[in-house]
Amino acid sequence: MMKKYSALSILSIMLLCSLTLVPAAHATNGYFANGYGVNDQALGGAGVALPQDSLDAAVNPANMAFLGKRYDLGLAFFNPNRQYTVTGNPSGAPGTFGLAPGTVKSDSKWFVIPSFGANWVIDGNSSVGLSIFGNGGMNTDYPTNTFGGSQPTGVDLMQLFIAPTYARKLDGAPQHAIGISPIFAIQRFEARGLQAFSAFSSNPNDLTNNGYSYSYGIGARIGYQGEIVPNLLNLGLAYQTRTYMTTFDKYRGLFADNGNFDIPSNWTLGLAYKATPALTFLVDMQRINYSDVK
């Protein structure tokens, strides 16, 4: 006897099978975090179609319409262990500089990354919120003068985002919502121990060892989230514009485009499949347009 399967059963099987095809998860997506807020990080950054907490504006502003009044405060402990290994002695060829053989580990290993969010209900269909989050732990601090020069080698990049949000359920379709978040960004950067590259820089005086430099900018994130199969399947879609930043004035000779370091646009598409009241499968696809920024 041939066993018949419903469309929902087939979808469940497909989602389960997809778990075996997902590549290994990484701590960051380039210099973006893999998730923002404790709940999102626990899901590996997935959740564009699943309302979770008031940090959702970092993922999908539309999710905020379904949260009600709430406040969230989180602390993430990030432990990236960085090192490099050099094998073989320097060649001594003209125009080159040698690296000493051996393994050198970065001293900066532990970072605390806080996050905060709040959401307030305006009426039955709309809400306003505030999400504060960041990218951190992008710091190397090697206790050696890797490329020669007078200082140990390392870089430090930190990003902070402040995102006020307005989200609204669609009139006549309260299971669907849209949201928008203007994003105010602050970046801090420092580089040390790169004097050996001065000959390749358009501005050697603004290449390295200049302390911290700050840049400021603005962008926006818009999103949609809705229930496309009642009580079973949600669809989420979010797009973040390029965040246009002021230049790192102290490092005009290091960054391309005379010190400019904009934050690239990105988009995320995802599904949330509610297999049971206690079990939800999430599938997200994200693209970060790094190539748009020199």
# chains A, B, ... in the order shown; residues from 1 in each chain; ligands from 1
>>> residues_around(residues="Thr276 in chain A", least_positions_apart="5", cutoff="10 Å", atoms="only C-alpha atoms", output="PyMOL selection string")
chain A and resi 231-232+281
>>> residues_around(residues="range 193-200 of chain A", least_positions_apart="4", cutoff="8 Å", atoms="only C-alpha atoms", output="PyMOL selection string")
chain A and resi 145-154+204+207-209
>>> select_by_dssp(residues="range 5-185 of chain A", states="strand (DSSP E or B)", output="mmCIF file with C-alpha atoms, in the first residue's frame")
data_model
loop_
_atom_site.group_PDB
_atom_site.id
_atom_site.type_symbol
_atom_site.label_atom_id
_atom_site.label_comp_id
_atom_site.auth_asym_id
_atom_site.auth_seq_id
_atom_site.Cartn_x
_atom_site.Cartn_y
_atom_site.Cartn_z
ATOM 1 C CA THR A 28 31.222 36.349 12.632
ATOM 2 C CA ASN A 29 30.072 37.077 9.086
ATOM 3 C CA PHE A 32 29.393 41.512 11.158
ATOM 4 C CA ALA A 33 28.264 39.506 14.163
ATOM 5 C CA ARG A 70 9.185 44.839 26.768
ATOM 6 C CA TYR A 71 12.774 45.663 27.685
ATOM 7 C CA ASP A 72 15.866 43.552 27.031
ATOM 8 C CA LEU A 73 19.445 43.813 28.235
ATOM 9 C CA GLY A 74 22.136 41.360 27.177
ATOM 10 C CA LEU A 75 25.853 40.691 27.586
ATOM 11 C CA ALA A 76 27.726 38.485 25.146
ATOM 12 C CA PHE A 77 31.180 37.141 25.963
ATOM 13 C CA PHE A 78 33.197 36.728 22.769
ATOM 14 C CA GLN A 83 47.495 33.680 15.987
ATOM 15 C CA TYR A 84 49.839 33.499 13.029
ATOM 16 C CA THR A 85 52.659 31.105 12.227
ATOM 17 C CA VAL A 86 55.737 31.822 10.102
ATOM 18 C CA GLY A 102 57.527 31.039 14.956
ATOM 19 C CA THR A 103 53.969 31.298 16.243
ATOM 20 C CA VAL A 104 52.639 34.494 17.813
ATOM 21 C CA LYS A 105 49.291 34.679 19.620
ATOM 22 C CA PHE A 111 35.473 40.788 24.801
ATOM 23 C CA VAL A 112 32.200 41.787 26.461
ATOM 24 C CA ILE A 113 29.577 42.991 23.957
ATOM 25 C CA PRO A 114 26.473 44.571 25.553
ATOM 26 C CA SER A 115 23.106 45.111 23.886
ATOM 27 C CA PHE A 116 19.924 46.894 24.909
ATOM 28 C CA GLY A 117 16.429 47.087 23.489
ATOM 29 C CA ALA A 118 13.014 48.476 24.371
ATOM 30 C CA ASN A 119 9.629 48.356 22.670
ATOM 31 C CA TRP A 120 6.463 50.326 23.455
ATOM 32 C CA VAL A 121 2.946 49.795 22.095
ATOM 33 C CA SER A 126 1.734 49.865 15.868
ATOM 34 C CA SER A 127 4.732 50.204 18.146
ATOM 35 C CA VAL A 128 7.943 52.179 18.548
ATOM 36 C CA GLY A 129 11.219 50.810 19.809
ATOM 37 C CA LEU A 130 14.883 51.471 20.408
ATOM 38 C CA SER A 131 17.687 48.951 19.844
ATOM 39 C CA ILE A 132 21.362 49.500 20.692
ATOM 40 C CA PHE A 133 23.877 46.890 19.543
ATOM 41 C CA GLY A 134 27.324 46.598 18.057
ATOM 42 C CA ASN A 135 30.123 44.682 16.410
ATOM 43 C CA GLY A 136 33.094 44.084 18.701
ATOM 44 C CA GLY A 137 36.004 41.747 19.307
ATOM 45 C CA MET A 138 37.671 42.781 16.036
ATOM 46 C CA ASN A 139 40.917 43.443 17.830
ATOM 47 C CA THR A 140 44.360 41.902 17.439
ATOM 48 C CA ASP A 141 47.183 42.714 19.818
ATOM 49 C CA GLY A 154 47.624 45.111 15.961
ATOM 50 C CA VAL A 155 44.347 46.657 14.834
ATOM 51 C CA ASP A 156 41.146 47.510 16.697
ATOM 52 C CA LEU A 157 37.745 48.121 15.069
ATOM 53 C CA MET A 158 34.542 48.719 17.039
ATOM 54 C CA GLN A 159 31.076 49.594 15.715
ATOM 55 C CA LEU A 160 28.028 50.827 17.648
ATOM 56 C CA PHE A 161 24.516 51.085 16.178
ATOM 57 C CA ILE A 162 21.513 52.978 17.555
ATOM 58 C CA ALA A 163 18.252 52.051 15.817
ATOM 59 C CA PRO A 164 14.924 53.693 16.705
ATOM 60 C CA THR A 165 12.077 51.738 15.094
ATOM 61 C CA TYR A 166 8.516 52.213 13.959
ATOM 62 C CA ALA A 167 6.577 49.027 13.139
ATOM 63 C CA ARG A 168 2.959 48.598 12.085
ATOM 64 C CA LYS A 169 0.627 45.723 11.366
ATOM 65 C CA LEU A 170 -1.147 46.011 8.033
ATOM 66 C CA ALA A 173 -4.206 41.867 7.882
ATOM 67 C CA PRO A 174 -2.902 41.925 11.485
ATOM 68 C CA GLN A 175 -0.681 38.870 10.936
ATOM 69 C CA HIS A 176 1.488 40.906 8.560
ATOM 70 C CA ALA A 177 3.650 43.888 9.471
ATOM 71 C CA ILE A 178 6.232 46.299 8.090
ATOM 72 C CA GLY A 179 8.864 48.246 9.976
ATOM 73 C CA ILE A 180 11.598 50.831 9.454
ATOM 74 C CA SER A 181 14.661 51.717 11.515
ATOM 75 C CA PRO A 182 16.962 54.653 10.806
ATOM 76 C CA ILE A 183 20.430 53.544 11.921
ATOM 77 C CA PHE A 184 22.930 55.874 13.540
ATOM 78 C CA ALA A 185 26.427 54.388 13.546
#
>>> closest_atom_pairs(of="range 48-102 of chain A", to="range 284-293 of chain A", cutoff="12 Å", atoms="only C-alpha atoms", output="JSON lines")
{"residue": "A:Val48", "atom": "CA", "partner": "A:Asp284", "partner_atom": "CA", "distance": 7.0}
{"residue": "A:Ala49", "atom": "CA", "partner": "A:Asp284", "partner_atom": "CA", "distance": 8.4}
{"residue": "A:Leu50", "atom": "CA", "partner": "A:Asp284", "partner_atom": "CA", "distance": 10.5}
{"residue": "A:Val59", "atom": "CA", "partner": "A:Gln286", "partner_atom": "CA", "distance": 10.5}
{"residue": "A:Asn60", "atom": "CA", "partner": "A:Asp284", "partner_atom": "CA", "distance": 11.9}
>>> select_by_dssp(residues="range 121-253 of chain A", states="helix (DSSP H, G or I)", output="MDAnalysis selection string")
chainID A and resid 195:200 204:206 249:251
>>> write_last_selection(atoms="C-alpha atoms", output="tab-separated table (two decimals), in the first residue's frame")
chain	number	residue	atom	x	y	z
A	195	GLN	CA	55.40	51.34	9.40
A	196	ALA	CA	56.96	48.85	6.97
A	197	PHE	CA	54.14	49.58	4.51
A	198	SER	CA	54.72	53.33	4.40
A	199	ALA	CA	56.30	53.14	0.95
A	200	PHE	CA	53.04	51.71	-0.44
A	204	PRO	CA	52.37	57.61	5.06
A	205	ASN	CA	51.78	60.02	7.95
A	206	ASP	CA	48.19	58.76	8.32
A	249	ASP	CA	41.00	61.05	9.26
A	250	LYS	CA	43.96	59.58	11.13
A	251	TYR	CA	44.15	56.60	8.75
>>> closest_residue(among="A:Ala275, A:Leu237, A:Gly92, A:Met245", to="Ile263 in chain A", atoms="only C-alpha atoms")
A:Met245
